[in-house]
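Structure file protein-v5.cif; described as mmCIF, C-alpha atoms.
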```cif
data_entry
loop_
_atom_site.group_PDB
_atom_site.id
_atom_site.type_symbol
_atom_site.label_atom_id
_atom_site.label_comp_id
_atom_site.auth_asym_id
_atom_site.auth_seq_id
_atom_site.Cartn_x
_atom_site.Cartn_y
_atom_site.Cartn_z
ATOM 1 C CA MET F 121 -13.162 -13.589 -12.146
ATOM 2 C CA ASN F 122 -12.079 -15.007 -8.784
ATOM 3 C CA ALA F 123 -9.589 -17.813 -8.461
ATOM 4 C CA SER F 124 -11.075 -21.170 -7.468
ATOM 5 C CA THR F 125 -9.874 -23.999 -5.346
ATOM 6 C CA VAL F 126 -9.719 -27.561 -6.666
ATOM 7 C CA SER F 127 -13.250 -28.134 -5.311
ATOM 8 C CA GLY F 128 -14.561 -25.290 -7.487
ATOM 9 C CA ALA F 129 -15.427 -23.059 -4.546
ATOM 10 C CA PRO F 130 -14.070 -19.521 -4.751
ATOM 11 C CA SER F 131 -10.804 -19.021 -2.915
ATOM 12 C CA PRO F 132 -10.746 -16.264 -0.320
ATOM 13 C CA ALA F 133 -9.489 -12.884 -1.439
ATOM 14 C CA LEU F 134 -6.161 -11.524 -0.227
ATOM 15 C CA ARG F 135 -7.011 -9.229 2.720
ATOM 16 C CA LEU F 136 -5.411 -5.776 2.415
ATOM 17 C CA ALA F 137 -5.187 -2.818 4.799
ATOM 18 C CA ILE F 138 -3.854 0.628 3.932
ATOM 19 C CA PHE F 139 -2.216 2.899 6.533
ATOM 20 C CA VAL F 140 -2.228 6.662 5.815
ATOM 21 C CA PRO F 141 -1.618 9.856 7.799
ATOM 22 C CA VAL F 142 -4.680 11.474 9.342
ATOM 23 C CA GLY F 143 -6.307 14.204 7.241
ATOM 24 C CA PRO F 144 -6.150 14.813 3.500
ATOM 25 C CA VAL F 145 -3.780 12.674 1.448
ATOM 26 C CA PRO F 146 -2.112 13.222 -1.929
ATOM 27 C CA ALA F 147 -4.613 12.497 -4.713
ATOM 28 C CA TRP F 148 -2.484 9.593 -5.960
ATOM 29 C CA VAL F 149 -2.886 7.846 -2.565
ATOM 30 C CA ALA F 150 -6.684 8.018 -2.837
ATOM 31 C CA ARG F 151 -6.481 6.744 -6.414
ATOM 32 C CA LEU F 152 -4.199 3.881 -5.371
ATOM 33 C CA ALA F 153 -6.596 2.885 -2.577
ATOM 34 C CA GLY F 154 -9.444 2.763 -5.102
ATOM 35 C CA ASP F 155 -7.339 0.790 -7.575
ATOM 36 C CA CYS F 156 -6.390 -1.760 -4.894
ATOM 37 C CA ALA F 157 -10.012 -2.116 -3.791
ATOM 38 C CA SER F 158 -11.027 -3.016 -7.347
ATOM 39 C CA LEU F 159 -8.340 -5.655 -8.013
ATOM 40 C CA PRO F 160 -9.596 -9.193 -8.583
ATOM 41 C CA ASP F 161 -8.911 -11.552 -5.668
ATOM 42 C CA VAL F 162 -7.905 -8.646 -3.397
ATOM 43 C CA ALA F 163 -10.190 -7.272 -0.692
ATOM 44 C CA LEU F 164 -9.512 -3.904 0.913
ATOM 45 C CA VAL F 165 -10.754 -4.675 4.419
ATOM 46 C CA ALA F 166 -9.248 -1.916 6.561
ATOM 47 C CA LEU F 167 -8.111 1.685 6.441
ATOM 48 C CA LEU F 168 -5.898 3.003 9.236
ATOM 49 C CA ARG F 169 -5.181 6.644 9.932
ATOM 50 C CA ASP F 170 -2.132 7.555 11.985
ATOM 51 C CA GLU F 171 -2.869 10.612 14.115
ATOM 52 C CA GLY F 172 0.823 10.692 15.051
ATOM 53 C CA THR F 173 1.954 11.753 11.555
ATOM 54 C CA PRO F 174 -0.025 14.793 10.396
ATOM 55 C CA PRO F 175 0.438 15.929 6.793
ATOM 56 C CA ALA F 176 3.356 18.258 6.119
ATOM 57 C CA ASP F 177 2.575 21.934 5.586
ATOM 58 C CA GLY F 178 2.734 23.108 1.986
ATOM 59 C CA GLU F 179 3.044 19.611 0.510
ATOM 60 C CA ALA F 180 3.239 19.898 -3.297
ATOM 61 C CA PRO F 181 0.786 17.187 -4.497
ATOM 62 C CA ARG F 182 -2.910 17.994 -4.624
ATOM 63 C CA GLN F 183 -4.532 16.848 -1.366
ATOM 64 C CA VAL F 184 -7.928 15.096 -1.170
ATOM 65 C CA ALA F 185 -10.071 13.491 1.489
ATOM 66 C CA LEU F 186 -9.799 9.705 1.586
ATOM 67 C CA THR F 187 -13.023 7.985 2.514
ATOM 68 C CA ALA F 188 -13.257 4.281 3.183
ATOM 69 C CA PRO F 189 -15.494 2.376 0.774
ATOM 70 C CA PRO F 190 -18.614 0.782 2.289
ATOM 71 C CA GLY F 191 -17.776 -2.293 4.339
ATOM 72 C CA VAL F 192 -14.159 -1.282 4.951
ATOM 73 C CA ALA F 193 -13.275 -1.083 8.656
ATOM 74 C CA GLU F 194 -11.521 2.058 9.912
ATOM 75 C CA TRP F 195 -9.087 2.711 12.761
ATOM 76 C CA SER F 196 -7.535 5.972 13.864
ATOM 77 C CA GLY F 197 -4.977 6.596 16.595
ATOM 78 C CA ALA F 198 -1.419 7.427 17.511
ATOM 79 C CA ASN F 199 -0.313 4.185 19.210
ATOM 80 C CA PRO F 200 1.194 1.611 16.814
ATOM 81 C CA ALA F 201 0.637 -1.213 19.318
ATOM 82 C CA ASP F 202 -3.094 -0.454 19.283
ATOM 83 C CA SER F 203 -3.184 -0.516 15.479
ATOM 84 C CA ALA F 204 -1.402 -3.889 15.382
ATOM 85 C CA ARG F 205 -3.895 -5.408 17.830
ATOM 86 C CA TRP F 206 -6.783 -3.988 15.819
ATOM 87 C CA LEU F 207 -5.319 -5.295 12.546
ATOM 88 C CA SER F 208 -4.977 -8.824 13.917
ATOM 89 C CA GLY F 209 -8.736 -8.857 14.486
ATOM 90 C CA GLN F 210 -9.327 -7.904 10.831
ATOM 91 C CA GLY F 211 -7.433 -10.897 9.408
ATOM 92 C CA VAL F 212 -5.190 -8.615 7.333
ATOM 93 C CA GLU F 213 -2.547 -10.364 5.237
ATOM 94 C CA VAL F 214 -0.886 -7.306 3.652
ATOM 95 C CA LEU F 215 -0.450 -3.833 5.116
ATOM 96 C CA LEU F 216 0.364 -1.109 2.590
ATOM 97 C CA ASP F 217 1.866 1.642 4.731
ATOM 98 C CA LEU F 218 1.780 5.065 3.086
ATOM 99 C CA ARG F 219 2.727 7.115 6.147
ATOM 100 C CA ARG F 220 5.814 9.345 6.046
ATOM 101 C CA ALA F 221 7.804 7.169 8.422
ATOM 102 C CA PRO F 222 6.517 3.586 8.338
ATOM 103 C CA ALA F 223 7.708 1.536 11.271
ATOM 104 C CA PRO F 224 7.266 -2.169 11.966
ATOM 105 C CA LEU F 225 4.155 -3.023 13.930
ATOM 106 C CA PRO F 226 4.647 -5.520 16.741
ATOM 107 C CA GLN F 227 2.410 -8.479 15.931
ATOM 108 C CA GLY F 228 1.322 -6.802 12.685
ATOM 109 C CA PRO F 229 0.788 -8.621 9.377
ATOM 110 C CA ALA F 230 3.734 -10.612 8.043
ATOM 111 C CA ARG F 231 3.611 -8.605 4.806
ATOM 112 C CA HIS F 232 4.156 -4.927 5.605
ATOM 113 C CA TRP F 233 4.995 -2.862 2.515
ATOM 114 C CA THR F 234 5.743 0.762 1.741
ATOM 115 C CA LEU F 235 6.772 2.921 -1.207
ATOM 116 C CA VAL F 236 10.185 4.553 -0.780
ATOM 117 C CA PRO F 237 12.158 7.070 -2.839
ATOM 118 C CA VAL F 238 15.058 5.713 -4.886
ATOM 119 C CA GLY F 239 17.749 7.186 -7.076
ATOM 120 C CA ASP F 240 20.004 10.194 -6.711
ATOM 121 C CA ASP F 241 17.167 12.735 -6.772
ATOM 122 C CA GLY F 242 14.772 10.579 -4.713
ATOM 123 C CA ALA F 243 11.932 11.247 -7.148
ATOM 124 C CA ALA F 244 11.337 7.645 -8.267
ATOM 125 C CA VAL F 245 9.628 5.251 -5.877
ATOM 126 C CA THR F 246 9.723 1.508 -5.388
ATOM 127 C CA LEU F 247 7.783 -0.987 -3.268
ATOM 128 C CA VAL F 248 9.746 -2.501 -0.373
ATOM 129 C CA THR F 249 9.140 -4.417 2.833
ATOM 130 C CA VAL F 250 9.121 -2.773 6.278
ATOM 131 C CA PRO F 251 11.532 -2.704 8.095
ATOM 132 C CA ASP F 252 14.290 -4.253 5.970
ATOM 133 C CA GLY F 253 13.705 -2.374 2.702
ATOM 134 C CA MET F 254 13.845 -5.472 0.501
ATOM 135 C CA PRO F 255 12.041 -5.198 -2.873
ATOM 136 C CA VAL F 256 8.632 -6.877 -2.828
ATOM 137 C CA ASP F 257 8.370 -10.053 -4.912
ATOM 138 C CA GLY F 258 6.226 -9.586 -8.011
ATOM 139 C CA ALA F 259 6.308 -5.783 -7.886
ATOM 140 C CA GLN F 260 9.058 -4.890 -10.343
ATOM 141 C CA ASP F 261 8.541 -4.034 -13.993
ATOM 142 C CA ALA F 262 10.811 -5.465 -16.625
ATOM 143 C CA ARG F 263 14.078 -3.573 -16.235
ATOM 144 C CA HIS F 264 14.978 -0.921 -18.776
ATOM 145 C CA ASP F 265 18.623 -0.669 -19.778
ATOM 146 C CA ALA F 266 18.603 3.021 -20.619
ATOM 147 C CA PRO F 267 17.953 5.408 -17.738
ATOM 148 C CA THR F 268 15.140 7.882 -18.271
ATOM 149 C CA PRO F 269 14.932 11.345 -16.768
ATOM 150 C CA SER F 270 12.806 11.571 -13.655
ATOM 151 C CA ASN F 271 9.202 12.701 -14.059
ATOM 152 C CA PRO F 272 7.279 12.867 -10.760
ATOM 153 C CA ARG F 273 3.931 11.812 -12.252
ATOM 154 C CA ARG F 274 5.461 8.918 -14.146
ATOM 155 C CA ASP F 275 7.491 7.855 -11.100
ATOM 156 C CA ILE F 276 4.400 7.800 -8.864
ATOM 157 C CA ALA F 277 2.475 5.894 -11.549
ATOM 158 C CA ARG F 278 5.270 3.294 -11.678
ATOM 159 C CA GLY F 279 5.169 2.950 -7.879
ATOM 160 C CA MET F 280 1.392 2.505 -8.005
ATOM 161 C CA GLY F 281 1.846 -0.121 -10.711
ATOM 162 C CA GLU F 282 4.339 -1.981 -8.517
ATOM 163 C CA VAL F 283 1.770 -2.122 -5.712
ATOM 164 C CA ARG F 284 -0.954 -3.462 -8.012
ATOM 165 C CA ARG F 285 1.364 -6.060 -9.593
ATOM 166 C CA ALA F 286 2.625 -7.257 -6.199
ATOM 167 C CA LEU F 287 -0.915 -7.646 -4.845
ATOM 168 C CA LEU F 288 -2.078 -9.527 -7.937
ATOM 169 C CA HIS F 289 1.029 -11.725 -7.874
ATOM 170 C CA LEU F 290 0.454 -12.593 -4.226
ATOM 171 C CA ALA F 291 -3.292 -13.152 -4.658
ATOM 172 C CA ARG F 292 -2.802 -15.427 -7.658
ATOM 173 C CA ARG F 293 -0.204 -17.597 -5.992
ATOM 174 C CA GLY F 294 -2.465 -18.079 -2.999
ATOM 175 C CA GLY F 295 -1.007 -15.720 -0.387
#
```

Could you express the structure from this file as C-alpha cells?
Amino acid sequence: MNASTVSGAPSPALRLAIFVPVGPVPAWVARLAGDCASLPDVALVALLRDEGTPPADGEAPRQVALTAPPGVAEWSGANPADSARWLSGQGVEVLLDLRRAPAPLPQGPARHWTLVPVGDDGAAVTLVTVPDGMPVDGAQDARHDAPTPSNPRRDIARGMGEVRRALLHLARRGG
C-alpha cells in the first residue's frame, strides 16, 4: 500500500540509486538491491557501476551478476563527476553506495549512504552517511546489552536490515 497525501492521491515514492563496482558483486548485494526494489514507497530508479573499482581477486563471498530490473536506468564509468551529473537527471533522493571506497559525489544526492565495518574484528557492518560516517537515522535495531560473537552472515543480514529500515523510515516520513 502506498502512502497518500491529504488529497488522497498517492505520494511519490522515495527515489533510490545503488552504486556498485563493475562486474560481479557479492550475492548479498544483489539480494539487497532486489529487497530495496520491492519496498513499499521506495522506487529503485538507477543502478551505477564504477569502472574505477574492479572487484578484488579471490573475494570470499559468492559472486553473482547484478542485472537492473526493467525500467531502472543504468550508468557505468570511472569519473565520479559524470555519475553525479547523471544522477541529478534521475531525480535520485538516496544513493546507496556499495563500492569499496565510497567518496562524496560533487552535486550528488543529499542522502549518500554506505555500509561500513564496525567493531574490533571489522566483521559487523552498519549504515552510515558519506563522507562523515554518521549513523543513518531510522537504520538501527533496538540495542542489545549483551555482545554476541561475530557471524559474517548474521552481520551482513543486520546491515541489510538497517538499509531497509532506513529507507522505509525515510519514505514514510515523506523524504

Can you spell out as a ChimeraX atom specification the set of residues that the PyMOL selection byres ((chain F and resi 211-222) around 7) selects in the structure I just provided?
/F:134-141,207-210,223-224,229-235

Do you know which residues are at most 10 Å from Asp170 in chain F counting all atoms listed in the file, after dropping those on the same chain fewer than 2 positions away, and could you put them as a list in words?
Phe139, Val140, Pro141, Val142, Gly143, Leu168, Gly172, Thr173, Pro174, Trp195, Ser196, Gly197, Ala198, Asn199, Pro200, Ser203 and Arg219 of chain F

Store the residues of this selection in a file with C-alpha atoms, as a compact mmCIF listing (two decimals), keeping the file's coordinate frame.
```txt
# COMPACT_ATOMS: atom_id res chain seq x y z
CA PHE F 139 -2.22 2.90 6.53
CA VAL F 140 -2.23 6.66 5.82
CA PRO F 141 -1.62 9.86 7.80
CA VAL F 142 -4.68 11.47 9.34
CA GLY F 143 -6.31 14.20 7.24
CA LEU F 168 -5.90 3.00 9.24
CA GLY F 172 0.82 10.69 15.05
CA THR F 173 1.95 11.75 11.56
CA PRO F 174 -0.02 14.79 10.40
CA TRP F 195 -9.09 2.71 12.76
CA SER F 196 -7.54 5.97 13.86
CA GLY F 197 -4.98 6.60 16.60
CA ALA F 198 -1.42 7.43 17.51
CA ASN F 199 -0.31 4.18 19.21
CA PRO F 200 1.19 1.61 16.81
CA SER F 203 -3.18 -0.52 15.48
CA ARG F 219 2.73 7.12 6.15
```

Evaluate the PyMOL selection byres ((chain F and resi 157-164) around 7) here and jot the selected residues down as a PDB file with C-alpha atoms, in the coordinates of the input.
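What landed in part39.pdb:
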```pdb
ATOM      1  CA  MET F 121     -13.162 -13.589 -12.146  1.00  0.00           C
ATOM      2  CA  ASN F 122     -12.079 -15.007  -8.784  1.00  0.00           C
ATOM      3  CA  ALA F 123      -9.589 -17.813  -8.461  1.00  0.00           C
ATOM      4  CA  ALA F 133      -9.489 -12.884  -1.439  1.00  0.00           C
ATOM      5  CA  LEU F 134      -6.161 -11.524  -0.227  1.00  0.00           C
ATOM      6  CA  ARG F 135      -7.011  -9.229   2.720  1.00  0.00           C
ATOM      7  CA  LEU F 136      -5.411  -5.776   2.415  1.00  0.00           C
ATOM      8  CA  ALA F 137      -5.187  -2.818   4.799  1.00  0.00           C
ATOM      9  CA  ALA F 153      -6.596   2.885  -2.577  1.00  0.00           C
ATOM     10  CA  GLY F 154      -9.444   2.763  -5.102  1.00  0.00           C
ATOM     11  CA  ASP F 155      -7.339   0.790  -7.575  1.00  0.00           C
ATOM     12  CA  CYS F 156      -6.390  -1.760  -4.894  1.00  0.00           C
ATOM     13  CA  VAL F 165     -10.754  -4.675   4.419  1.00  0.00           C
ATOM     14  CA  ALA F 166      -9.248  -1.916   6.561  1.00  0.00           C
ATOM     15  CA  VAL F 192     -14.159  -1.282   4.951  1.00  0.00           C
ATOM     16  CA  ALA F 291      -3.292 -13.152  -4.658  1.00  0.00           C
TER      17      ALA F 291
END
```

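Between CA of Gln183 in chain F and CA of Pro144 in chain F the separation is 5.5 Å.
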
Which is closer to Gln227 in chain F than all the others in F:Ala201, F:Ile276, F:Leu152, F:Leu167, using only C-alpha atoms?
F:Ala201

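Using all atoms listed in the file, the nearest neighbour of Arg182 in chain F within the list F:Val245, F:Arg169, F:Arg273, F:Ala259 is F:Arg273.
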
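One distance worth recording is that between CA of Ala193 in chain F and CA of Thr246 in chain F, which is 27.1 Å.
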
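Taking CA of Gly258 in chain F and CA of His289 in chain F as endpoints, the distance between them is 5.6 Å.
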
Nearest to Pro272 in chain F by atom-to-atom distance, counting only C-alpha atoms, from F:Pro189, F:Pro237, F:Gly228, F:Pro132
F:Pro237

Given all atoms listed in the file as the counted atoms, nearest of F:Pro226, F:Val236, F:Gly294, F:Pro251 to Glu282 in chain F:
F:Val236

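Compared by their closest atoms to Asp257 in chain F, and using all atoms listed in the file, the residues F:Ala244, F:Arg285, F:Arg292, F:Glu171 rank with F:Arg285 nearest.
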
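Using only C-alpha atoms for every distance, the candidate list F:Ala204, F:Val149, F:Glu194, F:Gly253 yields F:Val149 as the residue closest to Gly279 in chain F.
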